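Comments concern the structure below.
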Amino acid sequence: MAAADSAPASSSSAECSVAPSMPTDPDFLSCVLQPPTPSSSRPDADYTALRRLLLRRKPPSALQHRMEWRCNGKGYVAYRNFLLRRIDGGSAHSTPSNSGRWAHSPGPALSEADSWSSIRDLRTNSGLSRTVSLGSKQSDTERHVRFAEPAYSFVGMHCIFDSCKTSVTILKFGRASSDLLAYGAADGGLTVCQVSEPPCVLQKLIGHSKNITDFDFSSNNQYIASCSLDKTVRVWEISKGTCIRVVYGVSSQLCICFHPVNNNLLLVGNANKEINAINFSTGRGISKLNFDDAVTALDVDHTGQLIFAGDAQGYIYTVSVNSHTGSLSRTHKNKSSKSKSPITTIQYRTFSLVARCPVLISCAQDGNLSFFSIATDAKGYLTLICSLKLASRVQTIRASFCPLLSLEKGEFIVTGSEDANVYFYDLARPKNSCVNKLQGHGSPVIGVAWNHGENLLASSDSDGTVIVWKRAKTN
């Protein structure tokens, strides 16, 4: 009997030396993880111990999952470090020796817990349920320029136009065009250029006697409508370089745009606190709508049903427009910031990954930049998502979305500055939103504009220089 008893003992000893296998049956796991029955007055000690054991055994499987995870041929660690560099990367400064280039500076290595905490904070701060202020008491030059991915790198200057002797107040690329660029100046001159090789000036449109405040291309890029402080609106035929129509007003004409659906409709904001709808073919007024102050900036949504207008007191209005008759009616009035500073930029965008809906940016002369979501089912009601406080400006400095970059990475905007730099900001970042700057101008940068393909960025300054920057090719 002793020999018989010793055999099972040794067998049991051998079995104990083998590590127990992890249960893989999902039904079994779901049963053992069930909470105690409601009738029990206290937790089951065996259940608690078993549950802790099973939860402790979960990390190895998660670790194995991360080791096997792949995205575009890259592993989990590479992707995590990519996100960390986006959120907590090192500083990168642009100097005159590397003007127009993104400097590479790898961010510090953080623990996995820190990385996911940072990503969670980013997502929380970019949510629609709250307003995030990105304000800072630092000036643009004091902000740290954060690391940026190669997708935002510039290889340098593509070309320079410096024939203008006065401040270039506004510049735009043609609609759906990567080659046609126009800019207006403080002396009333309007210049149309070709930026493809070889870059050249196509037309100089002379007619305005004072500062050109705004202009817009028609949908086919055959015409330009411009407005000026000389109280006139002029329509130009680009191919001939001639003015084919002049509309006289009673006050300075401050902003203008073609209707995106009905290109026979011109929308003009003026210092007489009005938006006028003008027939492009005849030059006659169709309708007008009064506001509380001078209308300084406007844009139209892609459907042509809503106009977004900013005034000299910092208010943003939503206006309904009938595409056929041109009739206008106010629907909402929003305050962009606490200050009463003129709005210099209003720009609409059809979609945002951050907001998951149409969005709008506004830029005021005091440096307040606001980012709104648009409720199209509520007649264009605006909800402030986040704001960015830049240095106050003396000049009327403009800003612009970076649509293609934003669809890939975040919510990017580009703006000029009175320190002669072009700045890029990521509105999805709760802090240190400045991701790069381009140096090359010798005076305050006033206007910025992307071409259709976003491979070229144009910027203008108060000395009359226009620089076209070329983005690096990305895979």
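A note on labels: chains of the structure tokens are A, B, ... as shown, every chain counts residues from 1, and ligands are counted from 1 in their shown order.
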Secondary structure check, strand (DSSP E) residues of range 319-373 of chain A, as a PDB file with N, CA and C atoms, in the first residue's frame:
```pdb
ATOM      1  N   VAL A 319     -26.719  84.592 -41.984  1.00  0.00           N
ATOM      2  CA  VAL A 319     -27.743  85.180 -42.852  1.00  0.00           C
ATOM      3  C   VAL A 319     -28.215  84.125 -43.841  1.00  0.00           C
ATOM      4  N   SER A 320     -29.515  83.977 -43.984  1.00  0.00           N
ATOM      5  CA  SER A 320     -30.080  83.084 -44.993  1.00  0.00           C
ATOM      6  C   SER A 320     -30.208  83.846 -46.304  1.00  0.00           C
ATOM      7  N   VAL A 321     -29.874  83.163 -47.397  1.00  0.00           N
ATOM      8  CA  VAL A 321     -29.942  83.795 -48.711  1.00  0.00           C
ATOM      9  C   VAL A 321     -30.674  82.874 -49.675  1.00  0.00           C
ATOM     10  N   LEU A 328     -32.294  88.325 -48.644  1.00  0.00           N
ATOM     11  CA  LEU A 328     -31.473  88.078 -47.461  1.00  0.00           C
ATOM     12  C   LEU A 328     -32.308  88.222 -46.191  1.00  0.00           C
ATOM     13  N   SER A 329     -31.988  87.397 -45.189  1.00  0.00           N
ATOM     14  CA  SER A 329     -32.671  87.510 -43.882  1.00  0.00           C
ATOM     15  C   SER A 329     -31.735  87.019 -42.787  1.00  0.00           C
ATOM     16  N   ARG A 330     -31.648  87.763 -41.691  1.00  0.00           N
ATOM     17  CA  ARG A 330     -30.785  87.394 -40.568  1.00  0.00           C
ATOM     18  C   ARG A 330     -31.398  86.260 -39.764  1.00  0.00           C
ATOM     19  N   THR A 331     -30.565  85.307 -39.325  1.00  0.00           N
ATOM     20  CA  THR A 331     -31.057  84.200 -38.505  1.00  0.00           C
ATOM     21  C   THR A 331     -30.412  84.154 -37.120  1.00  0.00           C
ATOM     22  N   HIS A 332     -29.091  84.410 -37.031  1.00  0.00           N
ATOM     23  CA  HIS A 332     -28.401  84.337 -35.732  1.00  0.00           C
ATOM     24  C   HIS A 332     -27.360  85.449 -35.623  1.00  0.00           C
ATOM     25  N   LYS A 333     -27.073  85.812 -34.364  1.00  0.00           N
ATOM     26  CA  LYS A 333     -26.025  86.773 -34.054  1.00  0.00           C
ATOM     27  C   LYS A 333     -25.160  86.181 -32.956  1.00  0.00           C
ATOM     28  N   ASN A 334     -23.852  86.073 -33.202  1.00  0.00           N
ATOM     29  CA  ASN A 334     -22.933  85.437 -32.263  1.00  0.00           C
ATOM     30  C   ASN A 334     -21.787  86.384 -31.941  1.00  0.00           C
ATOM     31  N   LYS A 335     -21.270  86.261 -30.717  1.00  0.00           N
ATOM     32  CA  LYS A 335     -20.113  87.050 -30.303  1.00  0.00           C
ATOM     33  C   LYS A 335     -18.878  86.177 -30.404  1.00  0.00           C
ATOM     34  N   ILE A 343     -13.664  92.106 -37.107  1.00  0.00           N
ATOM     35  CA  ILE A 343     -13.357  90.792 -37.655  1.00  0.00           C
ATOM     36  C   ILE A 343     -12.619  90.981 -38.983  1.00  0.00           C
ATOM     37  N   THR A 344     -11.442  90.355 -39.092  1.00  0.00           N
ATOM     38  CA  THR A 344     -10.649  90.478 -40.316  1.00  0.00           C
ATOM     39  C   THR A 344     -10.803  89.269 -41.233  1.00  0.00           C
ATOM     40  N   THR A 345     -11.170  88.130 -40.667  1.00  0.00           N
ATOM     41  CA  THR A 345     -11.305  86.911 -41.459  1.00  0.00           C
ATOM     42  C   THR A 345     -12.540  86.139 -41.035  1.00  0.00           C
ATOM     43  N   ILE A 346     -13.330  85.719 -42.013  1.00  0.00           N
ATOM     44  CA  ILE A 346     -14.400  84.741 -41.826  1.00  0.00           C
ATOM     45  C   ILE A 346     -14.183  83.686 -42.904  1.00  0.00           C
ATOM     46  N   GLN A 347     -14.015  82.436 -42.499  1.00  0.00           N
ATOM     47  CA  GLN A 347     -13.813  81.380 -43.491  1.00  0.00           C
ATOM     48  C   GLN A 347     -14.604  80.143 -43.110  1.00  0.00           C
ATOM     49  N   TYR A 348     -15.341  79.636 -44.085  1.00  0.00           N
ATOM     50  CA  TYR A 348     -16.184  78.446 -43.910  1.00  0.00           C
ATOM     51  C   TYR A 348     -15.457  77.221 -44.446  1.00  0.00           C
ATOM     52  N   ARG A 349     -15.708  76.081 -43.809  1.00  0.00           N
ATOM     53  CA  ARG A 349     -15.160  74.813 -44.287  1.00  0.00           C
ATOM     54  C   ARG A 349     -16.220  73.738 -44.142  1.00  0.00           C
ATOM     55  N   VAL A 359     -17.545  73.758 -40.237  1.00  0.00           N
ATOM     56  CA  VAL A 359     -16.911  74.613 -39.233  1.00  0.00           C
ATOM     57  C   VAL A 359     -16.609  75.978 -39.826  1.00  0.00           C
ATOM     58  N   LEU A 360     -16.272  76.909 -38.922  1.00  0.00           N
ATOM     59  CA  LEU A 360     -15.989  78.291 -39.305  1.00  0.00           C
ATOM     60  C   LEU A 360     -14.864  78.808 -38.425  1.00  0.00           C
ATOM     61  N   ILE A 361     -13.936  79.569 -39.017  1.00  0.00           N
ATOM     62  CA  ILE A 361     -12.969  80.293 -38.199  1.00  0.00           C
ATOM     63  C   ILE A 361     -13.200  81.785 -38.388  1.00  0.00           C
ATOM     64  N   SER A 362     -12.964  82.525 -37.323  1.00  0.00           N
ATOM     65  CA  SER A 362     -12.988  83.982 -37.386  1.00  0.00           C
ATOM     66  C   SER A 362     -11.720  84.501 -36.736  1.00  0.00           C
ATOM     67  N   CYS A 363     -11.182  85.568 -37.308  1.00  0.00           N
ATOM     68  CA  CYS A 363      -9.982  86.182 -36.761  1.00  0.00           C
ATOM     69  C   CYS A 363     -10.258  87.666 -36.581  1.00  0.00           C
ATOM     70  N   ALA A 364      -9.987  88.177 -35.379  1.00  0.00           N
ATOM     71  CA  ALA A 364     -10.229  89.586 -35.073  1.00  0.00           C
ATOM     72  C   ALA A 364      -8.902  90.343 -35.050  1.00  0.00           C
ATOM     73  N   ASN A 368      -7.693  87.651 -31.460  1.00  0.00           N
ATOM     74  CA  ASN A 368      -8.559  86.547 -31.052  1.00  0.00           C
ATOM     75  C   ASN A 368      -8.972  85.728 -32.271  1.00  0.00           C
ATOM     76  N   LEU A 369      -8.628  84.442 -32.252  1.00  0.00           N
ATOM     77  CA  LEU A 369      -8.998  83.537 -33.323  1.00  0.00           C
ATOM     78  C   LEU A 369      -9.964  82.499 -32.744  1.00  0.00           C
ATOM     79  N   SER A 370     -11.139  82.368 -33.339  1.00  0.00           N
ATOM     80  CA  SER A 370     -12.187  81.493 -32.814  1.00  0.00           C
ATOM     81  C   SER A 370     -12.543  80.426 -33.830  1.00  0.00           C
ATOM     82  N   PHE A 371     -12.859  79.237 -33.319  1.00  0.00           N
ATOM     83  CA  PHE A 371     -13.186  78.064 -34.133  1.00  0.00           C
ATOM     84  C   PHE A 371     -14.578  77.580 -33.734  1.00  0.00           C
ATOM     85  N   PHE A 372     -15.512  77.590 -34.694  1.00  0.00           N
ATOM     86  CA  PHE A 372     -16.915  77.286 -34.417  1.00  0.00           C
ATOM     87  C   PHE A 372     -17.357  76.046 -35.180  1.00  0.00           C
ATOM     88  N   SER A 373     -18.289  75.313 -34.583  1.00  0.00           N
ATOM     89  CA  SER A 373     -19.043  74.308 -35.333  1.00  0.00           C
ATOM     90  C   SER A 373     -20.339  74.948 -35.804  1.00  0.00           C
TER      91      SER A 373
END
```
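When DSSP is run on the backbone, the residues of range 383-430 of chain A that fall into helix (DSSP H, G or I) are Pro403, Leu404, Leu405, Ser406, Leu407 and Glu408 of chain A.
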If you keep N, CA, C and O atoms, can you produce a file of those selected residues as a tab-separated table (two decimals), in the first residue's frame?
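selection_9.tsv, freshly written:
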```tsv
chain	number	residue	atom	x	y	z
A	403	PRO	N	-7.06	72.92	-45.09
A	403	PRO	CA	-8.02	71.81	-45.16
A	403	PRO	C	-7.41	70.43	-45.33
A	403	PRO	O	-7.76	69.51	-44.61
A	404	LEU	N	-6.49	70.27	-46.28
A	404	LEU	CA	-5.95	68.93	-46.52
A	404	LEU	C	-5.09	68.46	-45.36
A	404	LEU	O	-5.14	67.29	-44.97
A	405	LEU	N	-4.31	69.35	-44.78
A	405	LEU	CA	-3.50	68.98	-43.62
A	405	LEU	C	-4.40	68.58	-42.46
A	405	LEU	O	-4.12	67.63	-41.73
A	406	SER	N	-5.50	69.30	-42.28
A	406	SER	CA	-6.39	69.03	-41.16
A	406	SER	C	-7.06	67.67	-41.30
A	406	SER	O	-7.30	66.98	-40.32
A	407	LEU	N	-7.38	67.26	-42.53
A	407	LEU	CA	-8.01	65.97	-42.73
A	407	LEU	C	-7.07	64.83	-42.38
A	407	LEU	O	-7.51	63.73	-42.04
A	408	GLU	N	-5.76	65.07	-42.42
A	408	GLU	CA	-4.80	64.02	-42.11
A	408	GLU	C	-4.34	64.04	-40.67
A	408	GLU	O	-4.09	62.99	-40.08
```
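Straight-line separation from CA of Asp179 in chain A to CA of His452 in chain A: 8.6 Å.
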**Distance query range 226-242 of chain A at most 8 Å, only C-alpha atoms, self and fewer than 5 positions along chain excluded, as JSON, numbers by chain** = {"A": [188, 192, 203, 204, 205, 208, 209, 210, 211, 212, 213, 214, 215, 216, 247, 248, 249, 250, 251, 252, 253, 254, 255, 256]}
Restricting it to N, CA, C and O atoms, dump the selection as a compact mmCIF listing (two decimals), in the first residue's frame.
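Listing of again-v7.txt after writing:
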```
# COMPACT_ATOMS: atom_id res chain seq x y z
N GLY A 188 -4.47 100.57 -54.74
CA GLY A 188 -5.59 100.30 -55.62
C GLY A 188 -5.28 99.38 -56.77
O GLY A 188 -6.17 99.07 -57.58
N VAL A 192 -2.60 89.99 -61.32
CA VAL A 192 -2.89 88.57 -61.55
C VAL A 192 -1.62 87.90 -62.04
O VAL A 192 -0.97 88.39 -62.99
N GLN A 203 -1.55 90.00 -65.65
CA GLN A 203 -2.29 91.25 -65.84
C GLN A 203 -2.10 92.16 -64.63
O GLN A 203 -1.99 91.68 -63.50
N LYS A 204 -2.08 93.46 -64.91
CA LYS A 204 -2.17 94.47 -63.86
C LYS A 204 -3.44 95.25 -64.09
O LYS A 204 -3.58 95.94 -65.11
N LEU A 205 -4.38 95.11 -63.16
CA LEU A 205 -5.71 95.70 -63.30
C LEU A 205 -5.74 97.03 -62.56
O LEU A 205 -5.70 97.06 -61.32
N HIS A 208 -9.06 101.09 -59.36
CA HIS A 208 -9.36 101.58 -58.02
C HIS A 208 -8.37 102.68 -57.63
O HIS A 208 -7.18 102.63 -57.98
N SER A 209 -8.87 103.65 -56.89
CA SER A 209 -8.02 104.77 -56.49
C SER A 209 -7.53 104.67 -55.06
O SER A 209 -6.67 105.44 -54.65
N LYS A 210 -8.09 103.72 -54.30
CA LYS A 210 -7.68 103.55 -52.90
C LYS A 210 -7.48 102.06 -52.61
O LYS A 210 -7.64 101.20 -53.48
N ASN A 211 -7.18 101.79 -51.36
CA ASN A 211 -6.88 100.45 -50.87
C ASN A 211 -7.91 99.43 -51.33
O ASN A 211 -9.11 99.61 -51.14
N ILE A 212 -7.43 98.33 -51.91
CA ILE A 212 -8.33 97.20 -52.23
C ILE A 212 -8.53 96.38 -50.95
O ILE A 212 -7.57 95.87 -50.37
N THR A 213 -9.77 96.28 -50.54
CA THR A 213 -10.09 95.59 -49.28
C THR A 213 -10.37 94.11 -49.47
O THR A 213 -10.14 93.32 -48.56
N ASP A 214 -10.86 93.72 -50.65
CA ASP A 214 -11.18 92.31 -50.89
C ASP A 214 -11.44 92.11 -52.38
O ASP A 214 -11.70 93.07 -53.12
N PHE A 215 -11.35 90.86 -52.82
CA PHE A 215 -11.74 90.49 -54.18
C PHE A 215 -12.06 89.02 -54.20
O PHE A 215 -11.77 88.28 -53.25
N ASP A 216 -12.68 88.55 -55.29
CA ASP A 216 -13.03 87.14 -55.41
C ASP A 216 -13.04 86.73 -56.87
O ASP A 216 -13.37 87.53 -57.75
N VAL A 247 -19.67 99.46 -59.99
CA VAL A 247 -20.84 99.70 -59.15
C VAL A 247 -20.43 100.70 -58.07
O VAL A 247 -19.51 100.44 -57.28
N TYR A 248 -21.09 101.85 -58.04
CA TYR A 248 -20.75 102.90 -57.09
C TYR A 248 -21.60 102.78 -55.83
O TYR A 248 -22.80 102.52 -55.89
N GLY A 249 -20.95 102.96 -54.68
CA GLY A 249 -21.64 102.92 -53.41
C GLY A 249 -21.54 104.25 -52.69
O GLY A 249 -20.94 105.21 -53.19
N VAL A 250 -22.12 104.30 -51.48
CA VAL A 250 -22.10 105.53 -50.69
C VAL A 250 -21.09 105.46 -49.56
O VAL A 250 -20.92 106.42 -48.82
N SER A 251 -20.45 104.30 -49.40
CA SER A 251 -19.47 104.13 -48.32
C SER A 251 -18.41 103.14 -48.78
O SER A 251 -18.52 102.52 -49.85
N SER A 252 -17.37 102.98 -47.98
CA SER A 252 -16.29 102.05 -48.32
C SER A 252 -16.83 100.63 -48.44
O SER A 252 -17.59 100.16 -47.59
N GLN A 253 -16.42 99.94 -49.51
CA GLN A 253 -16.81 98.54 -49.72
C GLN A 253 -15.72 97.66 -49.12
O GLN A 253 -14.56 97.74 -49.54
N LEU A 254 -16.08 96.82 -48.16
CA LEU A 254 -15.07 96.16 -47.32
C LEU A 254 -14.86 94.68 -47.61
O LEU A 254 -13.79 94.15 -47.32
N CYS A 255 -15.85 93.98 -48.13
CA CYS A 255 -15.69 92.55 -48.39
C CYS A 255 -16.63 92.13 -49.51
O CYS A 255 -17.69 92.74 -49.70
N ILE A 256 -16.24 91.09 -50.24
CA ILE A 256 -17.02 90.68 -51.42
C ILE A 256 -16.80 89.21 -51.70
O ILE A 256 -15.72 88.65 -51.42
```
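Ranking A:Ser433, A:Thr303, A:Ser400, A:Ser167 by their shortest atom-to-atom distance to Asp461 in chain A, with only C-alpha atoms included, puts A:Ser167 first.
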For Ile467 in chain A, please output as a PDB file with all heavy atoms, in the first residue's frame all residues within 7 Å (counting only C-alpha atoms; exclusion window: fewer than 5 positions along the same chain).
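Below is the file selection-v5.pdb, written as the result:
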```pdb
ATOM      1  N   MET A 157      11.290  78.697 -50.824  1.00  0.00           N
ATOM      2  CA  MET A 157      10.486  79.635 -51.606  1.00  0.00           C
ATOM      3  C   MET A 157      10.382  79.173 -53.049  1.00  0.00           C
ATOM      4  O   MET A 157      11.398  78.890 -53.694  1.00  0.00           O
ATOM      5  CB  MET A 157      11.108  81.030 -51.543  1.00  0.00           C
ATOM      6  CG  MET A 157      11.193  81.612 -50.154  1.00  0.00           C
ATOM      7  SD  MET A 157      12.007  83.217 -50.162  1.00  0.00           S
ATOM      8  CE  MET A 157      12.110  83.537 -48.391  1.00  0.00           C
ATOM      9  N   CYS A 159       8.664  81.087 -55.515  1.00  0.00           N
ATOM     10  CA  CYS A 159       8.910  82.304 -56.293  1.00  0.00           C
ATOM     11  C   CYS A 159       8.539  83.517 -55.448  1.00  0.00           C
ATOM     12  O   CYS A 159       7.871  83.389 -54.409  1.00  0.00           O
ATOM     13  CB  CYS A 159       8.113  82.306 -57.603  1.00  0.00           C
ATOM     14  SG  CYS A 159       6.322  82.217 -57.395  1.00  0.00           S
ATOM     15  N   ILE A 160       8.979  84.695 -55.887  1.00  0.00           N
ATOM     16  CA  ILE A 160       8.722  85.952 -55.174  1.00  0.00           C
ATOM     17  C   ILE A 160       8.252  86.994 -56.189  1.00  0.00           C
ATOM     18  O   ILE A 160       8.841  87.137 -57.258  1.00  0.00           O
ATOM     19  CB  ILE A 160       9.979  86.451 -54.441  1.00  0.00           C
ATOM     20  CG1 ILE A 160      10.434  85.441 -53.384  1.00  0.00           C
ATOM     21  CG2 ILE A 160       9.718  87.808 -53.792  1.00  0.00           C
ATOM     22  CD1 ILE A 160      11.722  85.834 -52.682  1.00  0.00           C
ATOM     23  N   PHE A 161       7.188  87.721 -55.819  1.00  0.00           N
ATOM     24  CA  PHE A 161       6.723  88.870 -56.610  1.00  0.00           C
ATOM     25  C   PHE A 161       6.934  90.120 -55.764  1.00  0.00           C
ATOM     26  O   PHE A 161       6.355  90.240 -54.678  1.00  0.00           O
ATOM     27  CB  PHE A 161       5.240  88.712 -56.974  1.00  0.00           C
ATOM     28  CG  PHE A 161       4.949  87.500 -57.818  1.00  0.00           C
ATOM     29  CD1 PHE A 161       4.487  86.331 -57.243  1.00  0.00           C
ATOM     30  CD2 PHE A 161       5.135  87.537 -59.185  1.00  0.00           C
ATOM     31  CE1 PHE A 161       4.211  85.215 -58.014  1.00  0.00           C
ATOM     32  CE2 PHE A 161       4.863  86.420 -59.970  1.00  0.00           C
ATOM     33  CZ  PHE A 161       4.399  85.264 -59.387  1.00  0.00           C
ATOM     34  N   ALA A 458       0.893  81.063 -50.375  1.00  0.00           N
ATOM     35  CA  ALA A 458       1.302  82.432 -50.688  1.00  0.00           C
ATOM     36  C   ALA A 458       1.106  83.321 -49.473  1.00  0.00           C
ATOM     37  O   ALA A 458       0.116  83.185 -48.747  1.00  0.00           O
ATOM     38  CB  ALA A 458       0.503  82.972 -51.873  1.00  0.00           C
ATOM     39  N   SER A 459       2.043  84.234 -49.253  1.00  0.00           N
ATOM     40  CA  SER A 459       1.939  85.188 -48.143  1.00  0.00           C
ATOM     41  C   SER A 459       2.396  86.561 -48.644  1.00  0.00           C
ATOM     42  O   SER A 459       3.273  86.668 -49.505  1.00  0.00           O
ATOM     43  CB  SER A 459       2.786  84.736 -46.952  1.00  0.00           C
ATOM     44  OG  SER A 459       4.146  84.540 -47.331  1.00  0.00           O
ATOM     45  N   SER A 460       1.787  87.601 -48.088  1.00  0.00           N
ATOM     46  CA  SER A 460       2.103  88.970 -48.510  1.00  0.00           C
ATOM     47  C   SER A 460       2.404  89.826 -47.289  1.00  0.00           C
ATOM     48  O   SER A 460       1.939  89.531 -46.180  1.00  0.00           O
ATOM     49  CB  SER A 460       0.929  89.572 -49.287  1.00  0.00           C
ATOM     50  OG  SER A 460      -0.216  89.696 -48.458  1.00  0.00           O
TER      51      SER A 460
END
```
**Item:** Shell of 7 Å around Phe280 in chain A, only C-alpha atoms, local chain residues under 2 positions omitted, as a PyMOL selection string
**Value:** chain A and resi 264-266+278+282-283
Those residues you just picked out, can you put them in a file as a CSV table (one decimal), in the first residue's frame with C-alpha atoms?
```csv
chain,number,residue,atom,x,y,z
A,264,ASN,CA,-24.6,85.9,-61.3
A,265,LEU,CA,-25.0,87.0,-57.7
A,266,LEU,CA,-22.4,89.2,-55.9
A,278,ILE,CA,-25.8,92.7,-56.7
A,282,THR,CA,-26.3,94.3,-64.8
A,283,GLY,CA,-24.5,95.7,-61.7
```
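Contact shell of range 412-428 of chain A at 7 Å (only C-alpha atoms; same-chain neighbours under 2 positions omitted): Ser126, Arg393, Ile397, Arg398, Ala399, Ser400, Phe401, Cys402, Leu405, Ser406, Gly410, Pro430, Ser433, Cys434, Val435, Asn436, Lys437, Leu438, Gln439, His441, Gly442, Ser443, Pro444, Val445, Ile446, Gly447 and Val448 of chain A.
Interatomic distance, CA of Lys340 in chain A to CA of Thr383 in chain A: 18.8 Å.
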**Message:** So that I can check the surroundings of Asn263 in chain A, please list as a VMD selection string every protein, DNA and RNA residue that reaches within 12 Å of it, counting only C-alpha atoms and ignoring chain neighbours fewer than 6 positions away.
**Reply:** chain A and resid 216 to 225 257 277 to 281 304 323 to 324 326
